[in-house]
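A short worksheet on the structure shown next.
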Amino acid sequence: MKQAVLYFTISGHCANVARRISESEGADLIEIVPIKRYSGWMAYVMCGYQVSFRKVVKLKKISQDLRQYDKLTVVSPVHAGKVSAAVRSFLFQNRSHYTDVKLILCHGDQKETFESAKTRLEKELMFTFSGFESIAD
């Protein structure tokens, strides 16, 4: 079974989580990269704005053919209580290329699992994730 771990990150935390998963599962590591990338405090403001207003984020083309993978694991930060706009945009743009997708949400809230964010996204995508994990740091 061929696997890939895809991730979007601002601060590097999701990249570290994705890297650990990729190494432990022997999966390819692929970054989801917006064409317009913000940094510093502005990144958090813009990501919150994008997710709150369901903005579509234009992404750089991924060179790998996602159809070659049997399973995808997607690692996303939580912005304003939702899956990041970059990951949401990626999933919408590529939904014909996957069937088995695990969603991992990284966040700072020690009590909340953000399962409601996953459920909301599943309804929008008309797709059910094969797995879900919530990682609080």
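Residues in the structure tokens are numbered from 1 in each chain, the chains being A, B, ... in the order shown, and ligands are numbered from 1 in the order shown.
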Worksheet item: Which neighbours of Val87 in chain A fall inside 10 Å, counting only C-alpha atoms, when residues of the same chain fewer than 6 positions from it are skipped, and could you give them as a PyMOL selection string?
Response: chain A and resi 6-9+32-34+56-57+59+74-77+93
Worksheet entry | Residue contacts of range 66-70 of chain A (6 Å, only C-alpha atoms) excluding same-chain residues fewer than 6 positions away, as number ranges by chain | A: 1-3, 97
For the residues in the current selection, export C-alpha atoms as a tab-separated table (two decimals), in the first residue's frame.
chain	number	residue	atom	x	y	z
A	1	MET	CA	0.00	0.00	0.00
A	2	LYS	CA	1.46	3.34	-1.04
A	3	GLN	CA	0.84	6.23	1.37
A	97	HIS	CA	-8.03	11.65	-6.43
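Between CA of Ser96 in chain A and CA of Tyr38 in chain A the interatomic distance comes to 28.6 Å.
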Practice prompt. Pick out the closest residue to Ser11 in chain A from this set: A:Gly131, A:Gly26, A:Gly108, A:Gly40. Count only C-alpha atoms.
Written response: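 Among the listed residues, the smallest separation from Ser11 in chain A belongs to A:Gly40.
For the choices A:Val83, A:Leu72, A:Cys106, A:Leu121, the atom-to-atom distance to His13 in chain A is smallest for A:Cys106 when using only C-alpha atoms.
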Worksheet item: Tell me, which residues of range 23-72 of chain A carry DSSP helix (DSSP H, G or I), written as a list in words?
Response: Glu23, Ser24, Glu25, Trp41, Met42, Ala43, Tyr44, Val45, Met46, Cys47, Gly48, Tyr49, Gln50, Val51, Ser52, Leu66, Arg67 and Gln68 of chain A
Practice prompt. Enumerate as a ChimeraX atom specification all residues of chain A assigned to strand (DSSP E) by DSSP on the backbone, naming them with the chain letters and numbers the document uses.
Written response: /A:3-7,28-31,71-79,82-83,101-107,131-136
What would the file look like if the residues just selected were written as a compact mmCIF listing (two decimals), in the first residue's frame with N, CA, C and O atoms?
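Result file result_8.txt:
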# COMPACT_ATOMS: atom_id res chain seq x y z
N GLN A 3 1.44 5.18 0.56
CA GLN A 3 0.84 6.23 1.37
C GLN A 3 1.56 7.55 1.21
O GLN A 3 2.76 7.57 0.93
N ALA A 4 0.83 8.62 1.46
CA ALA A 4 1.42 9.97 1.48
C ALA A 4 0.86 10.72 2.67
O ALA A 4 -0.30 10.54 3.05
N VAL A 5 1.71 11.55 3.26
CA VAL A 5 1.29 12.45 4.33
C VAL A 5 1.40 13.86 3.77
O VAL A 5 2.48 14.29 3.35
N LEU A 6 0.27 14.56 3.74
CA LEU A 6 0.24 15.93 3.25
C LEU A 6 -0.02 16.85 4.42
O LEU A 6 -0.74 16.49 5.35
N TYR A 7 0.57 18.04 4.36
CA TYR A 7 0.41 18.96 5.48
C TYR A 7 0.49 20.41 5.04
O TYR A 7 1.08 20.74 4.01
N ASP A 28 5.34 8.95 1.75
CA ASP A 28 5.89 10.15 1.12
C ASP A 28 5.36 11.37 1.86
O ASP A 28 4.21 11.38 2.31
N LEU A 29 6.17 12.41 1.95
CA LEU A 29 5.81 13.65 2.64
C LEU A 29 5.61 14.75 1.60
O LEU A 29 6.50 15.00 0.79
N ILE A 30 4.43 15.39 1.62
CA ILE A 30 4.09 16.40 0.63
C ILE A 30 3.53 17.62 1.34
O ILE A 30 2.59 17.51 2.12
N GLU A 31 4.10 18.79 1.04
CA GLU A 31 3.60 20.02 1.65
C GLU A 31 2.54 20.67 0.77
O GLU A 31 2.68 20.74 -0.45
N LYS A 71 -3.57 5.55 0.28
CA LYS A 71 -4.01 6.21 1.50
C LYS A 71 -3.31 7.56 1.64
O LYS A 71 -2.12 7.68 1.42
N LEU A 72 -4.10 8.57 2.05
CA LEU A 72 -3.55 9.88 2.34
C LEU A 72 -3.82 10.21 3.81
O LEU A 72 -4.89 9.93 4.32
N THR A 73 -2.82 10.81 4.44
CA THR A 73 -3.01 11.38 5.77
C THR A 73 -2.79 12.86 5.61
O THR A 73 -1.76 13.29 5.07
N VAL A 74 -3.76 13.66 6.04
CA VAL A 74 -3.69 15.11 5.86
C VAL A 74 -3.60 15.76 7.24
O VAL A 74 -4.47 15.54 8.08
N VAL A 75 -2.54 16.55 7.45
CA VAL A 75 -2.29 17.21 8.73
C VAL A 75 -2.57 18.70 8.56
O VAL A 75 -2.00 19.35 7.68
N SER A 76 -3.44 19.22 9.42
CA SER A 76 -3.85 20.62 9.31
C SER A 76 -3.86 21.30 10.68
O SER A 76 -4.28 20.70 11.66
N PRO A 77 -3.47 22.57 10.71
CA PRO A 77 -3.71 23.34 11.93
C PRO A 77 -5.18 23.71 12.01
O PRO A 77 -5.91 23.64 11.00
N VAL A 78 -5.62 24.07 13.19
CA VAL A 78 -6.98 24.55 13.38
C VAL A 78 -6.91 26.08 13.42
O VAL A 78 -6.12 26.65 14.16
N HIS A 79 -7.73 26.72 12.61
CA HIS A 79 -7.82 28.18 12.59
C HIS A 79 -9.27 28.56 12.86
O HIS A 79 -10.16 28.08 12.17
N LYS A 82 -11.72 25.76 12.92
CA LYS A 82 -12.00 25.02 11.69
C LYS A 82 -10.70 24.50 11.07
O LYS A 82 -9.62 24.97 11.38
N VAL A 83 -10.86 23.55 10.15
CA VAL A 83 -9.73 23.06 9.37
C VAL A 83 -9.20 24.22 8.54
O VAL A 83 -9.97 25.01 7.99
N VAL A 101 -8.74 8.68 3.34
CA VAL A 101 -8.05 9.86 3.88
C VAL A 101 -8.24 9.94 5.39
O VAL A 101 -9.38 9.92 5.87
N LYS A 102 -7.14 10.04 6.10
CA LYS A 102 -7.17 10.28 7.54
C LYS A 102 -6.87 11.76 7.76
O LYS A 102 -5.95 12.31 7.16
N LEU A 103 -7.64 12.40 8.62
CA LEU A 103 -7.45 13.81 8.94
C LEU A 103 -6.86 13.94 10.33
O LEU A 103 -7.38 13.35 11.28
N ILE A 104 -5.78 14.70 10.44
CA ILE A 104 -5.17 14.98 11.74
C ILE A 104 -5.17 16.49 11.95
O ILE A 104 -4.65 17.23 11.12
N LEU A 105 -5.78 16.91 13.05
CA LEU A 105 -5.85 18.34 13.37
C LEU A 105 -4.89 18.64 14.52
O LEU A 105 -4.92 17.98 15.55
N CYS A 106 -4.06 19.67 14.34
CA CYS A 106 -3.12 20.12 15.36
C CYS A 106 -3.61 21.46 15.92
O CYS A 106 -3.99 22.35 15.17
N HIS A 107 -3.58 21.57 17.25
CA HIS A 107 -4.13 22.77 17.89
C HIS A 107 -3.55 22.93 19.28
O HIS A 107 -2.89 22.03 19.80
N GLY A 131 -10.24 8.13 8.97
CA GLY A 131 -9.69 8.21 10.31
C GLY A 131 -9.59 9.65 10.74
O GLY A 131 -9.62 10.57 9.92
N PHE A 132 -9.49 9.85 12.05
CA PHE A 132 -9.39 11.20 12.58
C PHE A 132 -8.58 11.17 13.86
O PHE A 132 -8.71 10.26 14.67
N GLU A 133 -7.71 12.18 13.99
CA GLU A 133 -6.93 12.33 15.21
C GLU A 133 -6.81 13.81 15.54
O GLU A 133 -6.70 14.65 14.66
N SER A 134 -6.84 14.09 16.81
CA SER A 134 -6.72 15.47 17.30
C SER A 134 -5.47 15.53 18.18
O SER A 134 -5.36 14.78 19.15
N ILE A 135 -4.54 16.42 17.83
CA ILE A 135 -3.28 16.52 18.57
C ILE A 135 -3.18 17.91 19.20
O ILE A 135 -3.08 18.91 18.49
N ALA A 136 -3.21 17.96 20.52
CA ALA A 136 -3.05 19.21 21.25
C ALA A 136 -1.60 19.34 21.67
O ALA A 136 -1.01 18.39 22.18
Discussion item. Can you tell me which residues surround Met46 in chain A at a distance of at most 12 Å, considering only C-alpha atoms, apart from same-chain residues fewer than 4 positions away, and format the answer as a ChimeraX atom specification?
Written reply: /A:10,36-42,50-55,57,79-80,84-86
Please produce an output containing N, CA, C and O atoms for each residue in the selection, written as an mmCIF file, in the first residue's frame.
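The new file result_19.cif reads:
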data_model
loop_
_atom_site.group_PDB
_atom_site.id
_atom_site.type_symbol
_atom_site.label_atom_id
_atom_site.label_comp_id
_atom_site.auth_asym_id
_atom_site.auth_seq_id
_atom_site.Cartn_x
_atom_site.Cartn_y
_atom_site.Cartn_z
ATOM 1 N N ILE A 10 2.110 26.809 9.368
ATOM 2 C CA ILE A 10 2.553 28.205 9.453
ATOM 3 C C ILE A 10 3.829 28.260 10.274
ATOM 4 O O ILE A 10 4.844 28.775 9.840
ATOM 5 N N LYS A 36 0.150 32.474 -2.296
ATOM 6 C CA LYS A 36 0.453 33.659 -1.486
ATOM 7 C C LYS A 36 0.615 33.192 -0.052
ATOM 8 O O LYS A 36 -0.340 32.741 0.574
ATOM 9 N N ARG A 37 1.828 33.295 0.444
ATOM 10 C CA ARG A 37 2.133 32.818 1.789
ATOM 11 C C ARG A 37 2.424 33.997 2.698
ATOM 12 O O ARG A 37 3.223 34.857 2.363
ATOM 13 N N TYR A 38 1.775 34.014 3.845
ATOM 14 C CA TYR A 38 1.969 35.078 4.818
ATOM 15 C C TYR A 38 2.918 34.585 5.910
ATOM 16 O O TYR A 38 3.027 33.393 6.143
ATOM 17 N N SER A 39 3.541 35.537 6.604
ATOM 18 C CA SER A 39 4.437 35.155 7.695
ATOM 19 C C SER A 39 4.198 36.054 8.903
ATOM 20 O O SER A 39 3.512 37.074 8.813
ATOM 21 N N GLY A 40 4.763 35.639 10.034
ATOM 22 C CA GLY A 40 4.613 36.410 11.260
ATOM 23 C C GLY A 40 3.173 36.440 11.733
ATOM 24 O O GLY A 40 2.372 35.566 11.405
ATOM 25 N N TRP A 41 2.834 37.470 12.486
ATOM 26 C CA TRP A 41 1.482 37.578 13.042
ATOM 27 C C TRP A 41 0.421 37.706 11.953
ATOM 28 O O TRP A 41 -0.718 37.288 12.119
ATOM 29 N N MET A 42 0.814 38.259 10.810
ATOM 30 C CA MET A 42 -0.133 38.442 9.706
ATOM 31 C C MET A 42 -0.635 37.101 9.173
ATOM 32 O O MET A 42 -1.776 36.991 8.716
ATOM 33 N N GLN A 50 -9.436 33.800 6.208
ATOM 34 C CA GLN A 50 -9.741 32.883 5.106
ATOM 35 C C GLN A 50 -10.696 31.774 5.529
ATOM 36 O O GLN A 50 -11.643 31.463 4.820
ATOM 37 N N VAL A 51 -10.453 31.194 6.687
ATOM 38 C CA VAL A 51 -11.292 30.089 7.133
ATOM 39 C C VAL A 51 -12.661 30.584 7.586
ATOM 40 O O VAL A 51 -13.675 29.931 7.340
ATOM 41 N N SER A 52 -12.713 31.740 8.217
ATOM 42 C CA SER A 52 -13.988 32.268 8.702
ATOM 43 C C SER A 52 -14.947 32.596 7.568
ATOM 44 O O SER A 52 -16.166 32.452 7.705
ATOM 45 N N PHE A 53 -14.412 33.037 6.439
ATOM 46 C CA PHE A 53 -15.245 33.415 5.302
ATOM 47 C C PHE A 53 -15.197 32.400 4.157
ATOM 48 O O PHE A 53 -15.562 32.720 3.038
ATOM 49 N N ARG A 54 -14.718 31.193 4.469
ATOM 50 C CA ARG A 54 -14.653 30.084 3.504
ATOM 51 C C ARG A 54 -13.983 30.465 2.199
ATOM 52 O O ARG A 54 -14.459 30.127 1.102
ATOM 53 N N LYS A 55 -12.901 31.195 2.305
ATOM 54 C CA LYS A 55 -12.159 31.617 1.122
ATOM 55 C C LYS A 55 -11.446 30.423 0.494
ATOM 56 O O LYS A 55 -10.961 29.538 1.188
ATOM 57 N N VAL A 57 -8.256 29.091 -1.217
ATOM 58 C CA VAL A 57 -6.846 29.464 -1.235
ATOM 59 C C VAL A 57 -6.213 28.849 -2.483
ATOM 60 O O VAL A 57 -6.327 27.641 -2.717
ATOM 61 N N HIS A 79 -7.725 26.725 12.606
ATOM 62 C CA HIS A 79 -7.824 28.184 12.587
ATOM 63 C C HIS A 79 -9.271 28.557 12.862
ATOM 64 O O HIS A 79 -10.162 28.079 12.165
ATOM 65 N N ALA A 80 -9.488 29.377 13.862
ATOM 66 C CA ALA A 80 -10.836 29.834 14.227
ATOM 67 C C ALA A 80 -11.795 28.655 14.406
ATOM 68 O O ALA A 80 -12.949 28.708 13.993
ATOM 69 N N SER A 84 -7.881 24.357 8.442
ATOM 70 C CA SER A 84 -7.296 25.504 7.742
ATOM 71 C C SER A 84 -7.847 25.640 6.319
ATOM 72 O O SER A 84 -8.192 24.648 5.672
ATOM 73 N N ALA A 85 -7.931 26.869 5.848
ATOM 74 C CA ALA A 85 -8.462 27.151 4.513
ATOM 75 C C ALA A 85 -7.599 26.506 3.424
ATOM 76 O O ALA A 85 -8.122 26.057 2.398
ATOM 77 N N ALA A 86 -6.292 26.433 3.634
ATOM 78 C CA ALA A 86 -5.409 25.814 2.637
ATOM 79 C C ALA A 86 -5.714 24.327 2.497
ATOM 80 O O ALA A 86 -5.802 23.803 1.382
#
